[in-house]
>>> print(open('my_file-v4.cif').read())   # mmCIF, C-alpha atoms
data_entry
loop_
_atom_site.group_PDB
_atom_site.id
_atom_site.type_symbol
_atom_site.label_atom_id
_atom_site.label_comp_id
_atom_site.auth_asym_id
_atom_site.auth_seq_id
_atom_site.Cartn_x
_atom_site.Cartn_y
_atom_site.Cartn_z
ATOM 1 C CA MET A 147 51.968 16.250 36.878
ATOM 2 C CA SER A 148 48.516 16.433 38.362
ATOM 3 C CA ASP A 149 46.837 16.854 35.002
ATOM 4 C CA SER A 150 48.779 14.155 33.233
ATOM 5 C CA ASP A 151 46.431 11.739 31.544
ATOM 6 C CA LEU A 152 45.651 8.440 33.149
ATOM 7 C CA LYS A 153 47.439 5.576 31.476
ATOM 8 C CA PHE A 154 46.963 2.098 32.854
ATOM 9 C CA PRO A 155 50.086 -0.064 32.494
ATOM 10 C CA ASP A 156 49.987 -3.084 30.209
ATOM 11 C CA LEU A 157 49.103 -6.161 32.205
ATOM 12 C CA PRO A 158 48.603 -9.669 30.839
ATOM 13 C CA GLY A 159 44.956 -10.600 30.360
ATOM 14 C CA ILE A 160 43.739 -7.016 30.745
ATOM 15 C CA ASP A 161 41.898 -5.273 27.957
ATOM 16 C CA ILE A 162 42.514 -1.569 28.430
ATOM 17 C CA THR A 163 39.372 -0.082 27.003
ATOM 18 C CA PRO A 164 38.405 3.190 28.629
ATOM 19 C CA VAL A 165 34.672 2.615 28.658
ATOM 20 C CA PHE A 166 31.861 1.988 31.111
ATOM 21 C CA GLN A 167 32.066 5.422 32.699
ATOM 22 C CA ASP A 168 28.303 5.265 33.223
ATOM 23 C CA SER A 169 28.976 2.417 35.622
ATOM 24 C CA ARG A 170 30.539 4.603 38.264
ATOM 25 C CA SER A 171 28.661 5.232 41.457
ATOM 26 C CA PRO A 172 28.157 8.840 42.562
ATOM 27 C CA MET A 173 30.955 8.345 45.103
ATOM 28 C CA GLY A 174 33.221 6.967 42.380
ATOM 29 C CA GLN A 175 32.591 10.086 40.337
ATOM 30 C CA ASN A 176 33.060 12.224 43.435
ATOM 31 C CA ILE A 177 36.657 11.085 43.868
ATOM 32 C CA GLY A 178 37.276 11.171 40.104
ATOM 33 C CA LEU A 179 37.566 7.442 39.595
ATOM 34 C CA VAL A 180 37.689 6.234 35.978
ATOM 35 C CA TYR A 181 37.006 2.690 34.765
ATOM 36 C CA MET A 182 39.964 1.873 32.551
ATOM 37 C CA GLY A 183 39.784 -1.768 31.577
ATOM 38 C CA PHE A 184 38.724 -5.263 32.445
ATOM 39 C CA GLY A 185 39.810 -8.883 32.298
ATOM 40 C CA ASP A 186 38.548 -12.202 33.572
ATOM 41 C CA LYS A 187 36.624 -11.291 36.746
ATOM 42 C CA ARG A 188 38.878 -8.271 37.003
ATOM 43 C CA ILE A 189 38.385 -4.515 36.783
ATOM 44 C CA CYS A 190 41.004 -1.788 36.433
ATOM 45 C CA THR A 191 40.491 1.820 37.467
ATOM 46 C CA GLY A 192 42.457 5.038 37.641
ATOM 47 C CA LEU A 193 42.312 8.229 39.683
ATOM 48 C CA LYS A 194 44.077 11.564 39.317
ATOM 49 C CA TRP A 195 45.676 13.171 42.336
ATOM 50 C CA HIS A 196 43.680 16.160 43.519
ATOM 51 C CA GLU A 197 44.275 18.448 46.461
ATOM 52 C CA SER A 198 40.743 17.868 47.786
ATOM 53 C CA LEU A 199 41.635 14.177 48.271
ATOM 54 C CA VAL A 200 44.681 14.873 50.409
ATOM 55 C CA GLY A 201 44.850 13.408 53.915
ATOM 56 C CA ASN A 202 47.669 15.581 55.214
ATOM 57 C CA ALA A 203 48.273 19.037 53.762
ATOM 58 C CA GLU A 204 51.901 18.895 54.849
ATOM 59 C CA THR A 205 52.772 15.888 52.701
ATOM 60 C CA ASP A 206 50.086 16.051 49.941
ATOM 61 C CA VAL A 207 49.644 12.292 50.323
ATOM 62 C CA LEU A 208 46.151 11.038 49.429
ATOM 63 C CA HIS A 209 43.932 10.177 52.392
ATOM 64 C CA GLY A 210 43.751 6.473 53.203
ATOM 65 C CA GLY A 211 39.986 6.706 52.817
ATOM 66 C CA VAL A 212 40.389 7.659 49.152
ATOM 67 C CA VAL A 213 42.407 4.507 48.541
ATOM 68 C CA THR A 214 39.841 2.420 50.423
ATOM 69 C CA ALA A 215 36.982 3.998 48.440
ATOM 70 C CA MET A 216 38.829 3.260 45.203
ATOM 71 C CA ILE A 217 39.380 -0.370 46.196
ATOM 72 C CA ASP A 218 35.741 -0.756 47.267
ATOM 73 C CA GLU A 219 34.414 0.709 44.035
ATOM 74 C CA THR A 220 36.791 -1.297 41.841
ATOM 75 C CA ALA A 221 36.055 -4.554 43.643
ATOM 76 C CA GLY A 222 32.323 -3.863 43.487
ATOM 77 C CA GLY A 223 32.614 -3.455 39.722
ATOM 78 C CA ALA A 224 34.587 -6.689 39.504
ATOM 79 C CA SER A 225 31.882 -8.479 41.536
ATOM 80 C CA VAL A 226 29.138 -7.363 39.182
ATOM 81 C CA LEU A 227 31.281 -8.333 36.200
ATOM 82 C CA ALA A 228 31.999 -11.758 37.718
ATOM 83 C CA THR A 229 28.311 -12.454 38.300
ATOM 84 C CA GLU A 230 27.578 -11.554 34.670
ATOM 85 C CA HIS A 231 25.535 -8.595 35.843
ATOM 86 C CA LYS A 232 22.790 -10.672 37.430
ATOM 87 C CA PHE A 233 23.101 -9.150 40.861
ATOM 88 C CA SER A 234 23.489 -5.912 42.684
ATOM 89 C CA VAL A 235 26.244 -6.163 45.278
ATOM 90 C CA ALA A 236 26.944 -4.744 48.723
ATOM 91 C CA THR A 237 30.236 -4.762 50.623
ATOM 92 C CA VAL A 238 30.219 -7.109 53.626
ATOM 93 C CA ASP A 239 33.714 -6.345 54.846
ATOM 94 C CA LEU A 240 37.080 -5.255 53.632
ATOM 95 C CA ARG A 241 40.608 -4.899 54.901
ATOM 96 C CA VAL A 242 43.137 -2.528 53.416
ATOM 97 C CA ASP A 243 46.862 -2.573 54.200
ATOM 98 C CA TYR A 244 48.609 0.697 53.448
ATOM 99 C CA MET A 245 52.053 -0.451 52.392
ATOM 100 C CA ARG A 246 53.535 2.905 51.453
ATOM 101 C CA PRO A 247 52.169 6.438 51.061
ATOM 102 C CA ALA A 248 50.626 7.294 47.683
ATOM 103 C CA ALA A 249 53.098 9.470 45.785
ATOM 104 C CA PRO A 250 51.925 13.108 45.875
ATOM 105 C CA HIS A 251 50.684 14.628 42.598
ATOM 106 C CA GLN A 252 50.717 11.262 40.838
ATOM 107 C CA ASN A 253 47.998 9.145 39.305
ATOM 108 C CA LEU A 254 46.741 6.168 41.261
ATOM 109 C CA TYR A 255 45.603 2.911 39.679
ATOM 110 C CA CYS A 256 43.746 -0.057 41.046
ATOM 111 C CA THR A 257 43.016 -3.575 39.937
ATOM 112 C CA ALA A 258 40.521 -5.835 41.713
ATOM 113 C CA HIS A 259 40.022 -9.537 41.081
ATOM 114 C CA ILE A 260 37.241 -11.877 42.163
ATOM 115 C CA TYR A 261 39.167 -15.012 43.113
ATOM 116 C CA ARG A 262 36.176 -16.967 44.375
ATOM 117 C CA LEU A 263 32.516 -16.655 43.547
ATOM 118 C CA THR A 264 29.779 -18.559 45.386
ATOM 119 C CA GLU A 265 26.021 -18.305 45.101
ATOM 120 C CA ARG A 266 25.853 -15.489 47.580
ATOM 121 C CA ILE A 267 29.370 -14.145 48.141
ATOM 122 C CA ALA A 268 32.167 -12.746 45.961
ATOM 123 C CA PHE A 269 35.689 -12.812 47.472
ATOM 124 C CA PHE A 270 38.072 -10.199 46.126
ATOM 125 C CA ASN A 271 41.621 -9.047 46.340
ATOM 126 C CA ALA A 272 42.820 -5.714 45.052
ATOM 127 C CA GLN A 273 45.991 -3.706 44.630
ATOM 128 C CA ALA A 274 46.452 0.043 44.298
ATOM 129 C CA PHE A 275 49.689 1.403 42.823
ATOM 130 C CA ASN A 276 51.167 4.593 41.371
ATOM 131 C CA ASP A 277 53.077 3.398 38.322
ATOM 132 C CA ASP A 278 54.544 0.006 39.118
ATOM 133 C CA PRO A 279 52.026 -2.805 39.781
ATOM 134 C CA ALA A 280 54.844 -4.694 41.504
ATOM 135 C CA LYS A 281 55.063 -1.941 44.134
ATOM 136 C CA PRO A 282 51.544 -1.582 45.501
ATOM 137 C CA ILE A 283 50.839 1.335 47.794
ATOM 138 C CA ALA A 284 47.901 -0.615 49.241
ATOM 139 C CA VAL A 285 46.400 -4.072 49.022
ATOM 140 C CA GLY A 286 42.821 -4.878 49.885
ATOM 141 C CA THR A 287 40.837 -8.020 50.477
ATOM 142 C CA GLY A 288 37.200 -8.536 51.331
ATOM 143 C CA THR A 289 33.798 -9.851 50.401
ATOM 144 C CA PHE A 290 30.683 -8.674 48.642
ATOM 145 C CA MET A 291 27.183 -9.995 49.188
ATOM 146 C CA LEU A 292 25.368 -10.805 45.947
ATOM 147 C CA GLY A 293 21.726 -9.872 45.424
ATOM 148 C CA ALA A 294 21.810 -7.933 48.654
ATOM 149 C CA ASN A 295 18.790 -5.978 47.545
ATOM 150 C CA ALA A 296 16.173 -5.986 44.843
ATOM 151 C CA SER A 297 17.725 -3.239 42.767
ATOM 152 C CA VAL A 298 18.789 -4.428 39.345
ATOM 153 C CA PRO A 299 22.240 -3.244 38.340
ATOM 154 C CA ASP A 300 21.220 -1.752 35.012
ATOM 155 C CA ILE A 301 23.832 0.925 35.234
ATOM 156 C CA LEU A 302 26.536 -1.640 35.806
ATOM 157 C CA GLY A 303 25.149 -4.195 33.429
ATOM 158 C CA SER A 304 24.890 -2.887 29.926
ATOM 159 C CA PRO A 305 28.322 -1.336 29.343
ATOM 160 C CA PHE A 306 30.222 -4.313 30.733
ATOM 161 C CA LYS A 307 28.013 -6.716 28.861
ATOM 162 C CA ALA A 308 28.465 -4.929 25.561
ATOM 163 C CA GLN A 309 32.228 -5.095 26.000
ATOM 164 C CA GLU A 310 32.255 -8.758 26.899
ATOM 165 C CA ASP A 311 30.044 -9.776 24.005
ATOM 166 C CA GLY A 312 31.911 -7.571 21.576
ATOM 167 C CA MET B 238 43.417 25.609 74.393
ATOM 168 C CA GLY B 239 40.354 23.366 74.433
ATOM 169 C CA ASP B 240 40.092 19.861 73.092
ATOM 170 C CA LEU B 241 37.706 20.933 70.370
ATOM 171 C CA ASP B 242 40.109 23.588 69.030
ATOM 172 C CA LEU B 243 42.802 20.969 68.900
ATOM 173 C CA ILE B 244 40.529 18.542 67.045
ATOM 174 C CA LYS B 245 39.515 21.268 64.600
ATOM 175 C CA ASN B 246 43.165 22.016 63.853
ATOM 176 C CA VAL B 247 43.724 18.382 62.950
ATOM 177 C CA LEU B 248 40.510 18.344 60.899
ATOM 178 C CA ALA B 249 41.588 21.475 59.042
ATOM 179 C CA ALA B 250 44.845 19.763 58.104
ATOM 180 C CA MET B 251 42.896 17.046 56.226
ATOM 181 C CA PRO B 252 41.424 18.497 52.996
ATOM 182 C CA TYR B 253 39.621 15.223 52.248
ATOM 183 C CA ALA B 254 37.609 15.609 55.480
ATOM 184 C CA ALA B 255 36.358 18.977 54.202
ATOM 185 C CA LYS B 256 35.397 17.430 50.877
ATOM 186 C CA LEU B 257 33.211 14.914 52.725
ATOM 187 C CA GLY B 258 31.812 17.669 54.969
ATOM 188 C CA VAL B 259 32.995 15.987 58.184
ATOM 189 C CA THR B 260 32.513 18.000 61.370
ATOM 190 C CA ALA B 261 33.442 17.270 65.003
ATOM 191 C CA GLN B 262 31.518 17.997 68.205
ATOM 192 C CA LEU B 263 32.060 17.268 71.870
ATOM 193 C CA ASP B 264 28.933 16.292 73.798
ATOM 194 C CA ASP B 265 28.176 17.157 77.457
ATOM 195 C CA THR B 266 30.286 14.287 78.688
ATOM 196 C CA GLY B 267 33.266 15.288 76.558
ATOM 197 C CA ARG B 268 32.734 12.494 74.071
ATOM 198 C CA LEU B 269 33.927 13.238 70.535
ATOM 199 C CA VAL B 270 31.210 12.599 67.944
ATOM 200 C CA CYS B 271 31.910 13.242 64.262
ATOM 201 C CA THR B 272 29.214 13.862 61.669
ATOM 202 C CA MET B 273 29.166 13.417 57.917
ATOM 203 C CA PRO B 274 26.076 15.064 56.397
ATOM 204 C CA PHE B 275 24.143 13.272 53.710
ATOM 205 C CA HIS B 276 25.238 14.243 50.228
ATOM 206 C CA GLU B 277 24.378 12.692 46.871
ATOM 207 C CA ASN B 278 28.081 12.444 46.135
ATOM 208 C CA HIS B 279 28.453 9.827 48.893
ATOM 209 C CA ILE B 280 26.048 7.362 47.302
ATOM 210 C CA GLY B 281 27.199 3.934 46.146
ATOM 211 C CA ASN B 282 23.930 2.446 44.942
ATOM 212 C CA ALA B 283 21.756 5.150 43.417
ATOM 213 C CA GLN B 284 18.690 2.940 43.093
ATOM 214 C CA LEU B 285 18.170 2.203 46.774
ATOM 215 C CA PRO B 286 19.782 4.661 47.550
ATOM 216 C CA ALA B 287 22.625 3.463 49.818
ATOM 217 C CA LEU B 288 25.824 5.225 50.800
ATOM 218 C CA HIS B 289 29.096 3.975 49.318
ATOM 219 C CA GLY B 290 31.284 1.664 51.397
ATOM 220 C CA GLY B 291 34.200 3.915 50.524
ATOM 221 C CA SER B 292 32.584 7.071 51.890
ATOM 222 C CA LEU B 293 31.715 5.249 55.131
ATOM 223 C CA ALA B 294 35.235 3.828 55.480
ATOM 224 C CA SER B 295 36.720 7.260 54.780
ATOM 225 C CA PHE B 296 34.545 8.882 57.428
ATOM 226 C CA LEU B 297 35.482 6.204 59.974
ATOM 227 C CA GLU B 298 39.181 6.620 59.265
ATOM 228 C CA ILE B 299 38.902 10.400 59.749
ATOM 229 C CA THR B 300 37.074 9.867 63.055
ATOM 230 C CA ALA B 301 39.719 7.400 64.239
ATOM 231 C CA ILE B 302 42.510 9.841 63.358
ATOM 232 C CA LEU B 303 40.833 12.678 65.290
ATOM 233 C CA GLN B 304 40.292 10.579 68.413
ATOM 234 C CA LEU B 305 43.845 9.280 68.303
ATOM 235 C CA ALA B 306 45.283 12.758 67.772
ATOM 236 C CA ARG B 307 43.183 13.978 70.694
ATOM 237 C CA GLU B 308 44.525 11.328 73.050
ATOM 238 C CA GLN B 309 48.069 12.026 71.948
ATOM 239 C CA ALA B 310 47.627 15.714 72.545
ATOM 240 C CA ALA B 311 48.514 15.248 76.184
ATOM 241 C CA ILE B 312 52.023 14.659 74.867
ATOM 242 C CA GLN B 313 52.017 17.016 71.894
ATOM 243 C CA GLN B 314 50.937 20.611 71.460
ATOM 244 C CA VAL B 315 48.441 20.934 68.617
ATOM 245 C CA ASP B 316 47.921 24.682 68.785
ATOM 246 C CA SER B 317 47.818 25.450 65.062
ATOM 247 C CA ILE B 318 46.859 23.859 61.758
ATOM 248 C CA GLU B 319 50.571 23.295 61.125
ATOM 249 C CA ALA B 320 50.810 21.376 64.377
ATOM 250 C CA GLY B 321 47.585 19.597 63.380
ATOM 251 C CA ARG B 322 49.280 18.319 60.244
ATOM 252 C CA ALA B 323 52.164 17.009 62.273
ATOM 253 C CA ALA B 324 49.752 15.204 64.619
ATOM 254 C CA ILE B 325 48.025 13.119 61.929
ATOM 255 C CA PRO B 326 48.887 9.459 62.484
ATOM 256 C CA LEU B 327 49.682 7.241 59.482
ATOM 257 C CA PRO B 328 47.336 4.317 58.866
ATOM 258 C CA VAL B 329 48.898 0.863 58.655
ATOM 259 C CA ASN B 330 45.685 -0.972 57.949
ATOM 260 C CA VAL B 331 41.941 -0.752 58.414
ATOM 261 C CA THR B 332 39.347 -3.517 58.661
ATOM 262 C CA VAL B 333 35.775 -2.467 57.982
ATOM 263 C CA GLN B 334 32.527 -4.348 58.637
ATOM 264 C CA TYR B 335 29.366 -3.276 56.869
ATOM 265 C CA LEU B 336 26.594 -4.293 59.231
ATOM 266 C CA ARG B 337 23.575 -2.546 57.738
ATOM 267 C CA SER B 338 22.793 -0.658 54.572
ATOM 268 C CA ALA B 339 23.564 3.049 55.027
ATOM 269 C CA ARG B 340 20.572 5.107 53.961
ATOM 270 C CA ALA B 341 20.333 8.640 52.613
ATOM 271 C CA LEU B 342 20.825 10.202 56.046
ATOM 272 C CA ALA B 343 23.570 11.900 58.007
ATOM 273 C CA CYS B 344 26.168 9.597 59.593
ATOM 274 C CA HIS B 345 27.675 9.895 63.056
ATOM 275 C CA ALA B 346 30.738 8.137 64.379
ATOM 276 C CA GLU B 347 32.649 7.659 67.584
ATOM 277 C CA ALA B 348 36.089 6.152 68.062
ATOM 278 C CA ARG B 349 37.704 4.395 71.002
ATOM 279 C CA VAL B 350 41.458 4.067 71.238
ATOM 280 C CA LEU B 351 42.041 0.503 72.394
ATOM 281 C CA LYS B 352 45.790 0.787 72.858
ATOM 282 C CA VAL B 353 48.408 3.462 72.383
ATOM 283 C CA GLY B 354 51.751 1.800 71.979
ATOM 284 C CA ARG B 355 55.182 3.227 71.434
ATOM 285 C CA ARG B 356 55.070 2.316 67.760
ATOM 286 C CA THR B 357 51.483 1.528 66.834
ATOM 287 C CA SER B 358 48.049 2.380 68.146
ATOM 288 C CA THR B 359 44.814 0.478 67.627
ATOM 289 C CA VAL B 360 41.505 2.305 67.288
ATOM 290 C CA PHE B 361 37.957 0.931 67.123
ATOM 291 C CA CYS B 362 35.317 3.073 65.498
ATOM 292 C CA GLN B 363 31.565 2.763 65.042
ATOM 293 C CA LEU B 364 29.153 4.539 62.712
ATOM 294 C CA TRP B 365 25.408 4.977 63.099
ATOM 295 C CA GLN B 366 22.658 7.006 61.478
ATOM 296 C CA ASP B 367 19.371 7.779 63.254
ATOM 297 C CA ASP B 368 19.686 5.147 66.005
ATOM 298 C CA GLU B 369 22.954 4.820 67.878
ATOM 299 C CA ALA B 370 21.912 1.378 69.121
ATOM 300 C CA LYS B 371 21.985 0.141 65.528
ATOM 301 C CA PRO B 372 25.542 0.443 64.221
ATOM 302 C CA VAL B 373 25.742 0.643 60.435
ATOM 303 C CA THR B 374 29.492 0.185 59.998
ATOM 304 C CA SER B 375 32.426 -0.574 62.283
ATOM 305 C CA MET B 376 36.152 -0.315 61.758
ATOM 306 C CA THR B 377 39.340 -1.340 63.505
ATOM 307 C CA GLY B 378 42.424 0.553 62.415
ATOM 308 C CA VAL B 379 46.108 0.315 63.239
ATOM 309 C CA PHE B 380 48.126 3.531 63.016
ATOM 310 C CA ILE B 381 51.747 4.512 63.484
ATOM 311 C CA GLN B 382 52.559 7.630 65.425
ATOM 312 C CA PRO B 383 53.654 10.600 63.380
ATOM 313 C CA LYS B 384 57.353 11.299 63.648
ATOM 314 C CA THR B 385 58.115 14.066 66.104
#
>>> encode(input="my_file-v4.cif", output="structure tokens")
Amino acid sequence: MSDSDLKFPDLPGIDITPVFQDSRSPMGQNIGLVYMGFGDKRICTGLKWHESLVGNAETDVLHGGVVTAMIDETAGGASVLATEHKFSVATVDLRVDYMRPAAPHQNLYCTAHIYRLTERIAFFNAQAFNDDPAKPIAVGTGTFMLGANASVPDILGSPFKAQEDG
Amino acid sequence: MGDLDLIKNVLAAMPYAAKLGVTAQLDDTGRLVCTMPFHENHIGNAQLPALHGGSLASFLEITAILQLAREQAAIQQVDSIEAGRAAIPLPVNVTVQYLRSARALACHAEARVLKVGRRTSTVFCQLWQDDEAKPVTSMTGVFIQPKT
């Protein structure tokens, strides 16, 4: 089960194109996060269960921090996408509700949506789920600051841009 | 059995804490301070560089769990890794504030249990790097007690 391939479920308005892997941050790569698709101001990601990500060796449930990291990374990608890659972003705050434990040995998926974009702030909501998007294991909400620093998001820019234009 | 042994048993029951390199120490006053060493894998923005919000939130949640498990240990015996597993509280939600950019340095964190209730407990946690007076990230988490 643990080495089953990631397969993002069909969702309306989501183009499942497994690209932009260069966009991942080092931490995203560290937890094995994969960018799986995108939509309007929306990013979809996947993650394989791994024993090094477990929060309790008795239950094999993923640590809450893994889910939070996944939501943060996915929402950060969605923020950059929503700003048309003009800005680097930094998390201002986030809240994650853990609604049920992540199923052991199963893939985890996440979708994050920017529901409001201002000049300086992106507001997101996000859901993480195992196989059924209607049964989230966690939901997250929070904000990103745009142009928080002078770094230009090259790494995030080109792959997304190519996909959007294509 | 000392407090630190107990904390280490809980830490050892969390493989993700080992992946992040989290360690726990008690200072002279008995205060629990956790440390996450700098590692390139924890970076979110490689150009600055700045640590990832997810690695900071993960570290804070681990610190909160250890402090909560420690305060519950008066009730429970955590004398083995198996008992450590049983002592890990389940998170209900976490709220994280990113106050300053986290640089390519080690992180330290301390947690304060605000309330232990019969069903839920609330923990506040703060993270700093080289200057404790300048918090980098803070978190409030709500946890449910593990079933006994």
>>> resolve_selection(input="my_file-v4.cif", expression="the PyMOL selection byres ((chain A) within 6 of (chain B))", output="PDB file with C-alpha atoms, keeping the file's coordinate frame")
ATOM      1  CA  SER A 171      28.661   5.232  41.457  1.00  0.00           C
ATOM      2  CA  PRO A 172      28.157   8.840  42.562  1.00  0.00           C
ATOM      3  CA  MET A 173      30.955   8.345  45.103  1.00  0.00           C
ATOM      4  CA  ASN A 176      33.060  12.224  43.435  1.00  0.00           C
ATOM      5  CA  SER A 198      40.743  17.868  47.786  1.00  0.00           C
ATOM      6  CA  LEU A 199      41.635  14.177  48.271  1.00  0.00           C
ATOM      7  CA  VAL A 200      44.681  14.873  50.409  1.00  0.00           C
ATOM      8  CA  GLY A 201      44.850  13.408  53.915  1.00  0.00           C
ATOM      9  CA  ASN A 202      47.669  15.581  55.214  1.00  0.00           C
ATOM     10  CA  ALA A 203      48.273  19.037  53.762  1.00  0.00           C
ATOM     11  CA  GLY A 211      39.986   6.706  52.817  1.00  0.00           C
ATOM     12  CA  THR A 214      39.841   2.420  50.423  1.00  0.00           C
ATOM     13  CA  ALA A 215      36.982   3.998  48.440  1.00  0.00           C
ATOM     14  CA  ASP A 218      35.741  -0.756  47.267  1.00  0.00           C
ATOM     15  CA  VAL A 238      30.219  -7.109  53.626  1.00  0.00           C
ATOM     16  CA  ASP A 239      33.714  -6.345  54.846  1.00  0.00           C
ATOM     17  CA  LEU A 240      37.080  -5.255  53.632  1.00  0.00           C
ATOM     18  CA  ARG A 241      40.608  -4.899  54.901  1.00  0.00           C
ATOM     19  CA  VAL A 242      43.137  -2.528  53.416  1.00  0.00           C
ATOM     20  CA  ASP A 243      46.862  -2.573  54.200  1.00  0.00           C
ATOM     21  CA  TYR A 244      48.609   0.697  53.448  1.00  0.00           C
TER      22      TYR A 244
END
>>> closest_residue(input="my_file-v4.cif", among="A:Thr205, A:Thr264, A:Thr220, A:Gln252", to="Met291 (chain A)", atoms="only C-alpha atoms")
A:Thr264
>>> residues_around(input="my_file-v4.cif", residues="Lys194 (chain A)", least_positions_apart="4", cutoff="12 Å", atoms="all atoms listed in the file", output="number ranges by chain")
A: 147-154, 175-180, 198-200, 208, 212-213, 216, 248-256, 276
>>> axis_aligned_box(input="my_file-v4.cif", around="region 264-270 of chain B", padding_each_side="8 Å", output="lines of an AutoDock Vina configuration file")
center_x = 31.1
center_y = 14.8
center_z = 73.3
size_x = 21.8
size_y = 20.7
size_z = 26.7
>>> closest_residue(input="my_file-v4.cif", among="A:Leu227, A:Thr257, A:Ala268, A:Pro282", to="Met182 (chain A)", atoms="only C-alpha atoms")
A:Thr257
>>> atom_distance(input="my_file-v4.cif", atom1="CA of Ala301 (chain B)", atom2="CA of Cys362 (chain B)")
6.3 Å
>>> atom_distance(input="my_file-v4.cif", atom1="CA of Phe233 (chain A)", atom2="CA of Gly174 (chain A)")
19.1 Å
